[in-house]
Every structure is written in C-alpha cells, then in structure tokens.
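This report refers to the structure that appears directly beneath it.
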Amino acid sequence: MAEEEQQQQRKEQPIIIKKKRKDGGHPHHGGAWKVAYADFVTALMAFFIVMWILATLDQKEGQQVRETIAAFFSKPGAFDMVSGKPRIPLPDILQSLGKGSGESDYENKGAKDYNIKFDSQLADSLVERLVREAKMDSVKAAERVESVAKELKEYIKKQVAERPELKDILSSIKIEMTNEGLRIELIETSESLFFEVGSAIIKPKARIVLDKLAKEIGKLPNYVEVEGHTDSRQYGSRATYTNWELSSDRAQAARRVLEKTGLCDGQIVRVTGFDDKRLRLPSKPFDMSNRRVSILIKQLSAETFLEESASQVEEKKNNEENNE
C-alpha cells in the first residue's frame with residue numbers, strides 16, 4: 001500500500017527541465033534609440049511637408065518662395081533672426097547675391113542648375129546702413145545735450161535775476177561743450193560757496209542747484225562722470241586726510257545728491273577725485289577757482305549706438321534660446 005502511494009506521488013510531481021544557454025544571451029539595450037528615431041521621423045515629416053507645400057504652389061508664388069528660401073540660406077544675416085523677414089527688399093538681396101536685377105532665372109535654368117553666388121556687397125551695404133543710422137542717432141543725441149545746456153543757461157540767467165540770494169553760487173557755475181561732452185563745473189570762487197571749508201559737506205544753496213541739474217540731466221540717456229578737484233594747498237604734514245580724500249569725498253557727495261533727486265540708476269558710470277592734478281588754472285595752482293566739482297555728460301558716439309544694437313541682438317538671441 002505504501003509503495004502504491006509513493007508511485008502515485010511520483011506521477012503527480014511536475015518534471016522541470018533546465019537548459020543553460022552557451023552564448024550567455026544578450027543584455028537589454030534600453031530605449032534611447034527610440035528618441036533618436038523619433039527625432040529623425042519628425043524631421044523627415046517636416047521636410048516632406050515643406051516639399052509638399054512648395055509643390056502645391058503655383059509657378060509665380062512658388063518661384064518667390066524658392067527665391068526667399070535660397071536667399072535665406074545663402075545670406076541669413078540679411079533676414080531678421082526673430083521674424084524671419086528680410087531686413088531690406090528681397091530683390092535687393094537677390095541682386096547682391098546673384099546676377100542681374102534680382103529677377104529669378106528659374107525660367108531659363110532648371111532647379112538643379114540654379115545657384116546663388118554670395119559676394120560681399122550685401123554685407124557692406126548692411127554695415128554701411130547700420131553705421132549711418134548710428135551716426136544719425138549720435139547727432140540727435142548731441143543736439144539733445146546742447147538743448148539741455150541752453151535750457152540750463154537760461155535757467156541760471158533767470159534765477160540770478162529773480163533770486164539775488166543765489167546770485168553768487170549761480171554765477172560760479174560754468175557750462176560748456178567739449179569734445180568729451182557737456183561739462184558743468186561748480187567752482188568755488190569764494191570760500192565755502194558749495195562746500196564747507198575743508199570738508200565734503202554740501203551747503204544748502206548748493207543742494208538747490210544740484211537738484212535742478214539732476215532733474216535736467218536725468219532726462220538724457222547719456223552716461224555721466226563726476227569729478228572732484230582741489231587747489232595745491234595741502235593739509236598739514238601730520239594730517240592723515242589729504243586733498244586726494246577731499247576731492248574724492250566731494251565728488252561722492254555730489255553723486256549722492258544727483259542720484260537721489262533725478263539721475264537714473266546706473267547713469268553715473270565714474271566718480272573720481274583728482275587732487276590738484278588737473279588744475280583749472282595751471283599758472284595759478286593756489287587759486288581758489290581750482291577747487292571745483294565737475295559733472296561731465298558724456299557724448300554718445302556712433303560706436304556706442306552700434307555696441308548697444310549688438311548687445312540688444314545678443315540679448316534677444318539668448319532670450320529665444322532660453323525660451324526654447
């Protein structure tokens with residue numbers, strides 16, 4: 001009986017056969033190839049869509065589209081990088097790149113033989129146009145600065161007549177156009193006119209003048225530099241505070257008032273103390289008029305506008321790349 005039960009159990013147990021692969025099998029490769037394949041298929045689909053659109057256009061319209069595409073790939077700089085539209089008329093681009101008056105030669109040549117040859121005329125014309133526009137902007141900026149100078153002179157003349165208490169301080173302001181730009185100098189024609197003696201503390205009347213200057217200069221896009229100057233009189237031999245510190249501190253004091261009352265943030269690009277190294281009257285180094293604060297409204301050159309245009313294009317390009 002026991003033997004019959006053992007035989008019955010052996011019949012019911014499943015038989016498991018294990019086979020070992022001699023080649024070791026192939027590891028799993030992952031799905032990275034699918035991404036590359038998907039990109040390829042997408043690009044291929046886009047290509048065929050473009051070809052289909054070109055094929056469905058009539059001869060005249062299709063000709064213009066083909067010319068535009070050919071010109072874009074031959075000279076992308078002639079097109080706006082944001083909108084893709086030509087910066088100058090398309091016939092002018094084709095004329096500078098190809099032959100004749102810019103008309104298509106598709107009618108005389110097959111698409112296979114059609115070829116646009118690039119020369120430097122287009123690049124030169126674009127550069128010349130940018131330089132010409134930059135020069136015009138520079139002239140307009142100079143005219144605005146001269147207009148502000150005229151307004152300030154008229155304001156000073158009017159205030160001298162209306163406010164006798166400000167006559168001395170207003171008469172000590174010199175406004176002149178230089179090669180660098182408009183220079184406004186607050187000259188100490190008498191003791192402690194703009195600042196307290198030997199310090200950078202601004203007098204109340206001087207603050208009134210600086211407030212007005214700040215409001216007018218703040219209307220301009222020009223950069224501004226503030227300079228401090230002293231005469232050749234020196235502090236005592238044991239003094240730790242010198243004319244270097246005095247000229248720098250007075251320039252900084254003027255800067256703070258200008259920025260607080262009218263100038264835009266970042267408009268002042270340099271604040272310098274010159275000690276007595278740039279005397280107004282070199283032949284009279286101890287003359288009081290050598291003590292002054294100079295406000296220079298920098299002239300905007302054509303190079304400045306070109307640099308700003310290049311930086312704007314670069315910034316727009318970076319923003320587009322970041323958005324993508």
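We name chains A, B, ... following the order of the structure tokens; residues begin at 1 in each chain, and ligands are numbered from 1 as shown.
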
Problem set entry | Residues flagged strand (DSSP E or B) by DSSP in stretch 101-289 of chain A, as a list in words | Ile173, Lys174, Ile175, Glu176, Met177, Gly181, Leu182, Arg183, Ile184, Glu185, Leu186, Ile187, Phe195, Ile202, Val224, Glu225, Val226, Glu227, Gly228, His229, Ile268, Val269, Arg270, Val271, Thr272 and Gly273 of chain A

Dump as a short mmCIF file (atom, residue, chain, number, x, y, z; two decimals), in the first residue's frame, selection limited to C-alpha atoms:
data_model
loop_
_atom_site.label_atom_id
_atom_site.label_comp_id
_atom_site.auth_asym_id
_atom_site.auth_seq_id
_atom_site.Cartn_x
_atom_site.Cartn_y
_atom_site.Cartn_z
CA ILE A 173 28.56 127.55 -12.47
CA LYS A 174 30.32 127.15 -15.81
CA ILE A 175 28.59 125.25 -18.64
CA GLU A 176 30.50 124.48 -21.81
CA MET A 177 30.52 121.93 -24.63
CA GLY A 181 30.53 116.17 -23.95
CA LEU A 182 28.77 118.78 -21.84
CA ARG A 183 30.83 119.81 -18.82
CA ILE A 184 29.17 121.58 -15.88
CA GLU A 185 31.57 122.88 -13.24
CA LEU A 186 30.69 124.07 -9.75
CA ILE A 187 33.59 126.38 -8.99
CA PHE A 195 31.05 123.02 0.41
CA ILE A 202 27.31 120.38 0.80
CA VAL A 224 27.67 110.87 -16.54
CA GLU A 225 31.01 111.20 -14.79
CA VAL A 226 31.58 113.22 -11.61
CA GLU A 227 35.00 114.64 -10.79
CA GLY A 228 36.39 116.32 -7.69
CA HIS A 229 39.29 118.79 -7.83
CA ILE A 268 26.69 107.75 -13.37
CA VAL A 269 29.50 105.48 -14.52
CA ARG A 270 32.54 107.06 -12.86
CA VAL A 271 33.31 109.14 -9.77
CA THR A 272 36.90 110.34 -9.46
CA GLY A 273 38.98 112.52 -7.16
#

Exercise. Between atom CA of A:Ser294 and atom CA of A:Arg256, what is the spacing in Å?
Worked result: 14.2 Å

For this session: Enter the distance from atom CA of A:Arg255 to atom CA of A:Pro164, in Å, rounded to one decimal.
Result: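 Value for the atom CA of A:Arg255-atom CA of A:Pro164 distance: 26.7 Å.
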
Exercise. Hey, can you check how far atom CA of A:Arg291 sits from atom CA of A:Leu220?
Worked result: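 Going from atom CA of A:Arg291 over to atom CA of A:Leu220, I get 27.1 Å.
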
Problem set entry | Test item: residues at most 12 Å from A:Asp275, only C-alpha atoms, excluding those fewer than 6 positions along its chain, as a PyMOL selection string | chain A and resi 227-235+241-251+285+290-293

Do you know which residues are at most 7 Å from A:Thr189 counting only C-alpha atoms, after dropping those on the same chain fewer than 2 positions away, and could you put them as a short mmCIF file (atom, residue, chain, number, x, y, z; two decimals) with C-alpha atoms, in the first residue's frame?
data_model
loop_
_atom_site.label_atom_id
_atom_site.label_comp_id
_atom_site.auth_asym_id
_atom_site.auth_seq_id
_atom_site.Cartn_x
_atom_site.Cartn_y
_atom_site.Cartn_z
CA SER A 172 30.01 130.26 -10.21
CA ILE A 187 33.59 126.38 -8.99
CA MET A 288 40.56 129.16 -5.19
CA SER A 289 38.81 128.51 -8.53
#

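Each of A:Lys34, A:Lys157, A:Arg144, A:Lys205 was compared to A:Ile297 using only C-alpha atoms, and A:Arg144 turns out to be the nearest.
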
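Minimum atom-to-atom distances from A:Lys212, A:Leu193, A:Glu133, A:Gly262 to A:Ile156 were compared using only C-alpha atoms, and the lowest value belongs to A:Lys212.
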